[in-house]
Amino acid sequence: MDAREYWDGQAATYDRATAWVEPRLLAPAREWVAQRVRGRTLDVAVGTGANLPYLRGRSDELVVTDRSAPMLALARDRAAAERVAVTAVQADAAHLPWPDASFDSVVCTFALCCVPDEVAVLAELRRVVRPEGRVLVADHVESSAWLGRMAQRGLDVVGRRHGEHHRRRPLLRLAEAGLEPVEHESSRYRLVERVAARAV
């Protein structure tokens, strides 16, 4: 089973599987990211659309994309339920179908942990953001606590089959993608890190 098939299969149960961790760890990062959105906005690897309640009313136009058709269908349903106007386009995060400098804000939350090449995706986010715009990223990253890192090593072994990584830190790879951080924060024990970056 390849990664796309895996995530297609996870779509129907994803929200239930993350129900405990969502309000405790993920939602604060989603809100942090949404507070920094402006103008025409792209949400890359939107998944089931968990960012949508936070993005409501914050952009001039909201475009969402995901590689998984079932995930994207659920995001469309959530957008309708939340009364958030979106344009949904199926696409790979590393090969986005928009011209250079198409968006004022490019959002990617809790997805860089699941792609084969995080730098390739970061570079693609940089490509489609306007020179004065922002790339806004949040993800679970290598913990600052030794016990957390030990647990993450075990999770990496389990997640290897479907390409999930628990010890990446996109903040440390920005320069390779032509980005520089303008703001970043982390949760307690650095379980989640959020970053606002600009093109250089």
# chains A, B, ... in the order shown; residues from 1 in each chain; ligands from 1
>>> residues_around(residues="Ala101 in chain A", least_positions_apart="4", cutoff="7 Å", atoms="only C-alpha atoms", output="PyMOL selection string")
chain A and resi 127-131
>>> select_by_dssp(residues="range 15-102 of chain A", states="strand (DSSP E or B)", output="list in words")
Arg40, Thr41, Leu42, Asp43, Val44, Glu61, Leu62, Val63, Val64, Thr65, Asp66, Thr87, Ala88, Val89, Gln90, Asp92 and His95 of chain A
>>> residues_around(residues="Trp32 in chain A", least_positions_apart="3", cutoff="10 Å", atoms="only C-alpha atoms", output="ChimeraX atom specification")
/A:27-29,35-37,54,136-138,185,194-196
>>> select_by_dssp(residues="range 27-64 of chain A", states="helix (DSSP H, G or I)", output="PDB file with N, CA, C and O atoms, in the first residue's frame")
ATOM      1  N   ALA A  27      -5.253  22.296  17.703  1.00  0.00           N
ATOM      2  CA  ALA A  27      -6.098  23.485  17.515  1.00  0.00           C
ATOM      3  C   ALA A  27      -5.389  24.792  17.840  1.00  0.00           C
ATOM      4  O   ALA A  27      -5.548  25.775  17.104  1.00  0.00           O
ATOM      5  N   PRO A  28      -4.614  24.887  18.928  1.00  0.00           N
ATOM      6  CA  PRO A  28      -3.915  26.157  19.198  1.00  0.00           C
ATOM      7  C   PRO A  28      -2.977  26.560  18.059  1.00  0.00           C
ATOM      8  O   PRO A  28      -2.851  27.745  17.741  1.00  0.00           O
ATOM      9  N   ALA A  29      -2.331  25.583  17.436  1.00  0.00           N
ATOM     10  CA  ALA A  29      -1.449  25.885  16.310  1.00  0.00           C
ATOM     11  C   ALA A  29      -2.249  26.318  15.091  1.00  0.00           C
ATOM     12  O   ALA A  29      -1.837  27.224  14.352  1.00  0.00           O
ATOM     13  N   ARG A  30      -3.396  25.695  14.870  1.00  0.00           N
ATOM     14  CA  ARG A  30      -4.247  26.105  13.742  1.00  0.00           C
ATOM     15  C   ARG A  30      -4.702  27.552  13.914  1.00  0.00           C
ATOM     16  O   ARG A  30      -4.717  28.333  12.955  1.00  0.00           O
ATOM     17  N   GLU A  31      -5.078  27.899  15.120  1.00  0.00           N
ATOM     18  CA  GLU A  31      -5.519  29.277  15.373  1.00  0.00           C
ATOM     19  C   GLU A  31      -4.373  30.263  15.175  1.00  0.00           C
ATOM     20  O   GLU A  31      -4.555  31.337  14.605  1.00  0.00           O
ATOM     21  N   TRP A  32      -3.174  29.921  15.652  1.00  0.00           N
ATOM     22  CA  TRP A  32      -1.986  30.772  15.489  1.00  0.00           C
ATOM     23  C   TRP A  32      -1.744  31.042  14.016  1.00  0.00           C
ATOM     24  O   TRP A  32      -1.485  32.184  13.602  1.00  0.00           O
ATOM     25  N   VAL A  33      -1.803  30.002  13.216  1.00  0.00           N
ATOM     26  CA  VAL A  33      -1.600  30.143  11.776  1.00  0.00           C
ATOM     27  C   VAL A  33      -2.686  31.020  11.171  1.00  0.00           C
ATOM     28  O   VAL A  33      -2.412  31.959  10.403  1.00  0.00           O
ATOM     29  N   ALA A  34      -3.933  30.744  11.499  1.00  0.00           N
ATOM     30  CA  ALA A  34      -5.057  31.484  10.905  1.00  0.00           C
ATOM     31  C   ALA A  34      -5.000  32.969  11.224  1.00  0.00           C
ATOM     32  O   ALA A  34      -5.383  33.805  10.393  1.00  0.00           O
ATOM     33  N   LEU A  52     -10.422  24.911   8.630  1.00  0.00           N
ATOM     34  CA  LEU A  52     -11.453  25.781   8.058  1.00  0.00           C
ATOM     35  C   LEU A  52     -12.196  26.644   9.074  1.00  0.00           C
ATOM     36  O   LEU A  52     -12.436  27.832   8.811  1.00  0.00           O
ATOM     37  N   PRO A  53     -12.575  26.127  10.246  1.00  0.00           N
ATOM     38  CA  PRO A  53     -13.260  27.009  11.202  1.00  0.00           C
ATOM     39  C   PRO A  53     -12.409  28.207  11.636  1.00  0.00           C
ATOM     40  O   PRO A  53     -12.951  29.268  11.937  1.00  0.00           O
ATOM     41  N   TYR A  54     -11.096  28.028  11.628  1.00  0.00           N
ATOM     42  CA  TYR A  54     -10.192  29.109  12.050  1.00  0.00           C
ATOM     43  C   TYR A  54      -9.918  30.087  10.907  1.00  0.00           C
ATOM     44  O   TYR A  54      -9.629  31.265  11.144  1.00  0.00           O
ATOM     45  N   LEU A  55     -10.020  29.607   9.681  1.00  0.00           N
ATOM     46  CA  LEU A  55      -9.742  30.448   8.519  1.00  0.00           C
ATOM     47  C   LEU A  55     -10.955  31.248   8.071  1.00  0.00           C
ATOM     48  O   LEU A  55     -10.820  32.170   7.265  1.00  0.00           O
TER      49      LEU A  55
END
>>> closest_atom_pairs(of="range 49-71 of chain A", to="range 3-12 of chain A", cutoff="6 Å", atoms="only C-alpha atoms", output="CSV")
residue,atom,partner,partner_atom,distance
A:Ser68,CA,A:Asp8,CA,5.6
A:Pro70,CA,A:Asp8,CA,5.7
A:Met71,CA,A:Ala11,CA,5.2
>>> residues_around(residues="range 117-122 of chain A", least_positions_apart="4", cutoff="7 Å", atoms="only C-alpha atoms", output="compact mmCIF listing (two decimals) with N, CA and C atoms, in the first residue's frame")
# COMPACT_ATOMS: atom_id res chain seq x y z
N ALA A 93 1.22 18.12 -2.95
CA ALA A 93 1.84 19.29 -2.31
C ALA A 93 3.18 19.64 -2.93
N ALA A 94 3.87 18.69 -3.52
CA ALA A 94 5.18 18.94 -4.13
C ALA A 94 5.07 19.38 -5.59
N LEU A 112 3.68 18.22 6.65
CA LEU A 112 5.09 18.04 6.26
C LEU A 112 5.69 16.80 6.91
N ARG A 126 7.02 28.09 -1.24
CA ARG A 126 7.71 29.35 -1.51
C ARG A 126 7.41 29.82 -2.94
N ARG A 173 14.78 23.56 8.10
CA ARG A 173 14.98 23.26 6.67
C ARG A 173 14.55 24.42 5.78
N GLU A 176 16.94 25.84 2.99
CA GLU A 176 17.13 24.98 1.83
C GLU A 176 16.04 25.20 0.79
N ALA A 177 14.91 25.72 1.22
CA ALA A 177 13.77 25.95 0.32
C ALA A 177 13.63 27.41 -0.08
>>> atom_distance(atom1="CA of Glu142 in chain A", atom2="CA of Leu179 in chain A")
20.3 Å
>>> closest_residue(among="A:Trp20, A:Leu191, A:Val64, A:Ala199", to="Leu147 in chain A", atoms="only C-alpha atoms")
A:Leu191
>>> closest_residue(among="A:Val135, A:Val46, A:Leu155, A:Val107", to="Gln90 in chain A", atoms="only C-alpha atoms")
A:Val46
